[in-house]
Amino acid sequence: MAIRRFIIFVVLLVLGPTFFAQAKEKLKTNKPNILIILTDDMGFGDVGCYGGNFAPTPNLDRMAKEGIRFTKYYSASPICSPSRTGILTGMAPARWNITSYLQTRDGNRKCEQADFLSASAPSMARILKTAGYATGHFGKWHMGGGRDVTEAPGFGAYGFDEHSSTWESPDPDPLLTATNWIWSAKDSIKRWDRTAYFVDRTLNFLKRHKDQPCFINLWPDDVHTPWVPSQERFGAYPNGPEEERKFRAVLDEYDRQIGRLFEGLKKLGIDENTLVIFTSDNGPLPSFKGSRSGNFRGSKLSLYEGGTRMPFIVRWPGHVPAEKTDQQSVISANDLLPSLCKMAGAKLPGGFAFDGKDKSQVLMGRPTNETRTLYWEYGRNNSSFVFPKERDRSPNLAIREGDWKFLINFDGTDAELYNLKTDCNEMTNLVSENPNMAEKLKTKLLKWRNSLPRTTEHSN
């Protein structure tokens with residue numbers, strides 16, 4: 001027996017390092033790196049493969065060619081803070097009392113919302129850490145911190161190992177925040193170099209954690225205003241109104257940095273083991289007369305399609321089919337948490353009523369015609385919410401079920417019903433022609449809204 005144990009000891013001593021390295025590598029390959037690229041205020045029509053023609057977007061178009069382009073993906077809100085909350089938590093952001101962009105304490109009170117996302121909320125990063133992931137957040141946060149909100153939880157409270165973020169966060173990167181504002185000419189990292197900086201941080205993080213799977217939020221604040229391009233890029237667009245030229249230049253540079261990201265993944269040898277999702281937090285503003293919204297009605301701050309229907313691309317070479325467009329599946333930002341956790345082998349925590357559904361098979365290229373019921377809220381009063389004007393101003397509640405979209409104000413006014421299959425631009429209100437459908441969706445929508453917590457619940 002002693003001789004046998006000695007032989008086993010010698011074998012493990014000789015083969016141990018190789019054996020355990022192979023085992024670790026096998027574990028690594030079974031769990032993909034997960035990278036969510038969340039663009040700031042990008043419209044459905046900003047990207048070439050979605051019909052955009054503002055500036056060339058060859059790298060985003062190539063990403064779509066190498067993966068799946070979805071046409072019925074919806075953000076959780078038409079504005080940044082709640083839309084980001086929906087991704088991170090897998091729940092309707094209003095369940096955590098975040099219904100508009102987070103700002104000063106007084107402004108948040110007037111909007112009837114919390115000051116920051118509670119650390120007790122579920123977090124995709126925290127869940128993935130339990131499955132062995134290294135976690136990083138590089139880019140805009142805007143779920144608490146900044147202005148006069150000084151006690152927002154730090155990134156670690158949500159499960160992030162490393163971070164680098166902008167002014168609207170609990171721990172702004174000093175290289176990006178020389179002054180107490182969104183950007184400054186005094187910033188060490190200039191406005192036009194921010195996306196490059198976040199891409200560099202992302203690639204560096206991946207390089208330093210090649211021995212374990214990584215989850216990273218790459219959330220640049222391009223193409224949100226103010227548009228401040230470099231002189232070189234601005235000079236490449238000499239024609240047209242100045243603001244449009246600035247936007248084109250910023251979009252051009254943003255696409256170039258996406259190209260650098262994919263080049264970096266290949267150089268690190270992890271391209272085929274990295275699942276990349278590209279989307280936007282909400283619709284554009286300004287929308288340039290709807291052209292940035294893909295000619296859908298609405299924009300940022302609107303519950304019409306232009307405010308919530310976003311570009312959405314999934315790329316994972318060798319796993320996700322290439323050159324595919326999914327025009328069937330209706331998916332939501334809330335679905336990302338349960339879907340990605342399923343793909344990573346991470347168990348969802350108990351005690352939460354997640355609004356998102358596991359759509360991992362859809363993300364892998366298996367479309368579904370499942371009828372989805374999606375809900376939105378934007379605007380809890382008529383004093384603190386400045387909606388878009390005229391045709392883009394929507395009621396403050398919306399529901400999509402199947403091909404039907406119904407909107408209404410919480411007080412029961414301004415009911416609107418559209419068939420998105422025949423009227424995706426939401427131009428013909430069918431409430432009078434389909435009163436039964438309108439009443440059915442109204443009942444479901446108001447019941448959902450009344451189930452949401454009021455300001456005193458989950459508040460900070």
# chains A, B, ... in the order shown; residues from 1 in each chain; ligands from 1

$ closest_atom_pairs --of "stretch 312-383 of chain A" --to "stretch 261-285 of chain A" --cutoff "8 Å" --atoms "only C-alpha atoms" --output "CSV"
residue,atom,partner,partner_atom,distance
A:Phe312,CA,A:Thr279,CA,4.6
A:Ile313,CA,A:Phe278,CA,5.1
A:Val314,CA,A:Ile277,CA,4.7
A:Arg315,CA,A:Val276,CA,5.2
A:Trp316,CA,A:Leu275,CA,4.6
A:Pro317,CA,A:Glu272,CA,5.0
A:Gly318,CA,A:Glu272,CA,6.5

$ closest_atom_pairs --of "stretch 67-186 of chain A" --to "stretch 330-338 of chain A" --cutoff "7 Å" --atoms "only C-alpha atoms" --output "tab-separated table"
residue	atom	partner	partner_atom	distance
A:Lys72	CA	A:Val330	CA	5.0
A:Tyr73	CA	A:Ile331	CA	4.9
A:Tyr74	CA	A:Ser332	CA	4.8
A:Ser75	CA	A:Ala333	CA	5.1
A:Ala76	CA	A:Ala333	CA	5.7
A:Gly86	CA	A:Asn334	CA	5.3
A:Ile87	CA	A:Ala333	CA	5.3
A:Leu88	CA	A:Leu337	CA	6.8
A:Thr89	CA	A:Leu337	CA	6.8
A:Gly90	CA	A:Asn334	CA	4.2
A:Met91	CA	A:Asn334	CA	5.7
A:Met124	CA	A:Leu337	CA	5.8

$ write_last_selection --atoms "N, CA and C atoms" --output "mmCIF file, in the first residue's frame"
data_model
loop_
_atom_site.group_PDB
_atom_site.id
_atom_site.type_symbol
_atom_site.label_atom_id
_atom_site.label_comp_id
_atom_site.auth_asym_id
_atom_site.auth_seq_id
_atom_site.Cartn_x
_atom_site.Cartn_y
_atom_site.Cartn_z
ATOM 1 N N LYS A 72 -35.761 42.635 -33.286
ATOM 2 C CA LYS A 72 -36.829 42.869 -32.321
ATOM 3 C C LYS A 72 -36.313 42.756 -30.891
ATOM 4 N N TYR A 73 -35.245 43.492 -30.633
ATOM 5 C CA TYR A 73 -34.694 43.578 -29.277
ATOM 6 C C TYR A 73 -35.130 44.902 -28.661
ATOM 7 N N TYR A 74 -35.529 44.867 -27.382
ATOM 8 C CA TYR A 74 -36.012 46.062 -26.703
ATOM 9 C C TYR A 74 -35.229 46.350 -25.429
ATOM 10 N N SER A 75 -34.914 47.631 -25.241
ATOM 11 C CA SER A 75 -34.322 48.057 -23.982
ATOM 12 C C SER A 75 -35.403 48.068 -22.906
ATOM 13 N N ALA A 76 -34.972 48.145 -21.651
ATOM 14 C CA ALA A 76 -35.917 48.131 -20.535
ATOM 15 C C ALA A 76 -36.543 49.497 -20.291
ATOM 16 N N GLY A 86 -32.079 47.459 -15.892
ATOM 17 C CA GLY A 86 -32.750 46.292 -16.443
ATOM 18 C C GLY A 86 -31.775 45.230 -16.913
ATOM 19 N N ILE A 87 -30.653 45.650 -17.496
ATOM 20 C CA ILE A 87 -29.636 44.697 -17.938
ATOM 21 C C ILE A 87 -28.957 44.039 -16.749
ATOM 22 N N LEU A 88 -28.523 44.834 -15.784
ATOM 23 C CA LEU A 88 -27.746 44.314 -14.664
ATOM 24 C C LEU A 88 -28.563 43.393 -13.770
ATOM 25 N N THR A 89 -29.855 43.704 -13.580
ATOM 26 C CA THR A 89 -30.664 42.976 -12.607
ATOM 27 C C THR A 89 -31.583 41.914 -13.202
ATOM 28 N N GLY A 90 -31.901 42.015 -14.487
ATOM 29 C CA GLY A 90 -32.860 41.097 -15.076
ATOM 30 C C GLY A 90 -34.285 41.374 -14.639
ATOM 31 N N MET A 91 -34.502 42.569 -14.078
ATOM 32 C CA MET A 91 -35.816 42.933 -13.563
ATOM 33 C C MET A 91 -36.240 44.295 -14.104
ATOM 34 N N MET A 124 -25.809 40.788 -12.354
ATOM 35 C CA MET A 124 -25.228 39.794 -13.246
ATOM 36 C C MET A 124 -23.781 39.510 -12.879
#

$ atom_distance --atom1 "atom CA of A:Thr371" --atom2 "atom CA of A:Phe70"
16.3 Å

$ atom_distance --atom1 "atom CA of A:Cys214" --atom2 "atom CA of A:Pro174"
24.8 Å

$ select_by_dssp --residues "stretch 47-136 of chain A" --states "strand (DSSP E)" --output "MDAnalysis selection string"
chainID A and resid 68:74 134:136

$ residues_around --residues "stretch 227-242 of chain A" --least-positions-apart "2" --cutoff "9 Å" --atoms "only C-alpha atoms" --output "number ranges by chain"
A: 55, 190-193, 222-225, 244-250, 252-253

$ closest_atom_pairs --of "stretch 273-333 of chain A" --to "stretch 384-408 of chain A" --cutoff "12 Å" --atoms "only C-alpha atoms" --output "tab-separated table"
residue	atom	partner	partner_atom	distance
A:Gly283	CA	A:Asp392	CA	11.5
A:Pro284	CA	A:Pro388	CA	11.4
A:Leu285	CA	A:Pro388	CA	9.4
A:Pro286	CA	A:Pro388	CA	9.9
A:Ser287	CA	A:Asp392	CA	10.3
A:Lys289	CA	A:Asp392	CA	10.1
A:Gly290	CA	A:Asp392	CA	9.2
A:Ser293	CA	A:Asp392	CA	11.0
A:Asn295	CA	A:Asp392	CA	11.4
A:Phe296	CA	A:Asp392	CA	9.7
A:Arg297	CA	A:Asp392	CA	6.2
A:Gly298	CA	A:Asp392	CA	4.3
A:Ser299	CA	A:Asp392	CA	6.6
A:Lys300	CA	A:Pro388	CA	8.0
A:Leu301	CA	A:Phe387	CA	5.9
A:Ser302	CA	A:Ser394	CA	5.6
A:Leu303	CA	A:Ser394	CA	5.8
A:Tyr304	CA	A:Ser394	CA	6.4
A:Glu305	CA	A:Lys405	CA	9.6
A:Gly306	CA	A:Asp392	CA	8.6
A:Gly307	CA	A:Asp392	CA	9.0
A:Thr308	CA	A:Ala398	CA	10.6
A:Arg309	CA	A:Arg400	CA	11.6
A:Gln328	CA	A:Gly402	CA	10.7
A:Ser329	CA	A:Gly402	CA	10.5
A:Val330	CA	A:Gly402	CA	8.7
A:Ile331	CA	A:Arg400	CA	11.2
A:Ser332	CA	A:Arg400	CA	11.1

$ write_last_selection --atoms "C-alpha atoms" --output "PDB file, in the first residue's frame"
ATOM      1  CA  GLY A 283     -33.018  55.618 -28.483  1.00  0.00           C
ATOM      2  CA  PRO A 284     -31.147  58.631 -29.865  1.00  0.00           C
ATOM      3  CA  LEU A 285     -31.503  62.310 -29.067  1.00  0.00           C
ATOM      4  CA  PRO A 286     -31.411  64.298 -31.250  1.00  0.00           C
ATOM      5  CA  SER A 287     -32.788  61.850 -33.779  1.00  0.00           C
ATOM      6  CA  LYS A 289     -35.938  63.956 -37.799  1.00  0.00           C
ATOM      7  CA  GLY A 290     -36.225  60.268 -37.007  1.00  0.00           C
ATOM      8  CA  SER A 293     -34.270  55.977 -34.994  1.00  0.00           C
ATOM      9  CA  ASN A 295     -37.501  55.979 -39.083  1.00  0.00           C
ATOM     10  CA  PHE A 296     -39.416  54.418 -36.205  1.00  0.00           C
ATOM     11  CA  ARG A 297     -41.607  56.882 -34.371  1.00  0.00           C
ATOM     12  CA  GLY A 298     -40.048  58.193 -31.180  1.00  0.00           C
ATOM     13  CA  SER A 299     -36.627  58.846 -29.718  1.00  0.00           C
ATOM     14  CA  LYS A 300     -34.930  58.782 -26.335  1.00  0.00           C
ATOM     15  CA  LEU A 301     -37.550  59.563 -23.616  1.00  0.00           C
ATOM     16  CA  SER A 302     -40.324  58.022 -25.724  1.00  0.00           C
ATOM     17  CA  LEU A 303     -42.079  54.654 -25.412  1.00  0.00           C
ATOM     18  CA  TYR A 304     -42.676  54.484 -29.133  1.00  0.00           C
ATOM     19  CA  GLU A 305     -40.432  52.028 -30.991  1.00  0.00           C
ATOM     20  CA  GLY A 306     -37.733  54.615 -31.678  1.00  0.00           C
ATOM     21  CA  GLY A 307     -37.119  54.973 -27.950  1.00  0.00           C
ATOM     22  CA  THR A 308     -36.894  51.292 -27.018  1.00  0.00           C
ATOM     23  CA  ARG A 309     -36.211  49.129 -30.112  1.00  0.00           C
ATOM     24  CA  GLN A 328     -38.793  36.586 -35.394  1.00  0.00           C
ATOM     25  CA  SER A 329     -37.642  36.527 -31.783  1.00  0.00           C
ATOM     26  CA  VAL A 330     -38.800  39.267 -29.443  1.00  0.00           C
ATOM     27  CA  ILE A 331     -36.204  39.701 -26.707  1.00  0.00           C
ATOM     28  CA  SER A 332     -35.726  42.170 -23.886  1.00  0.00           C
TER      29      SER A 332
END
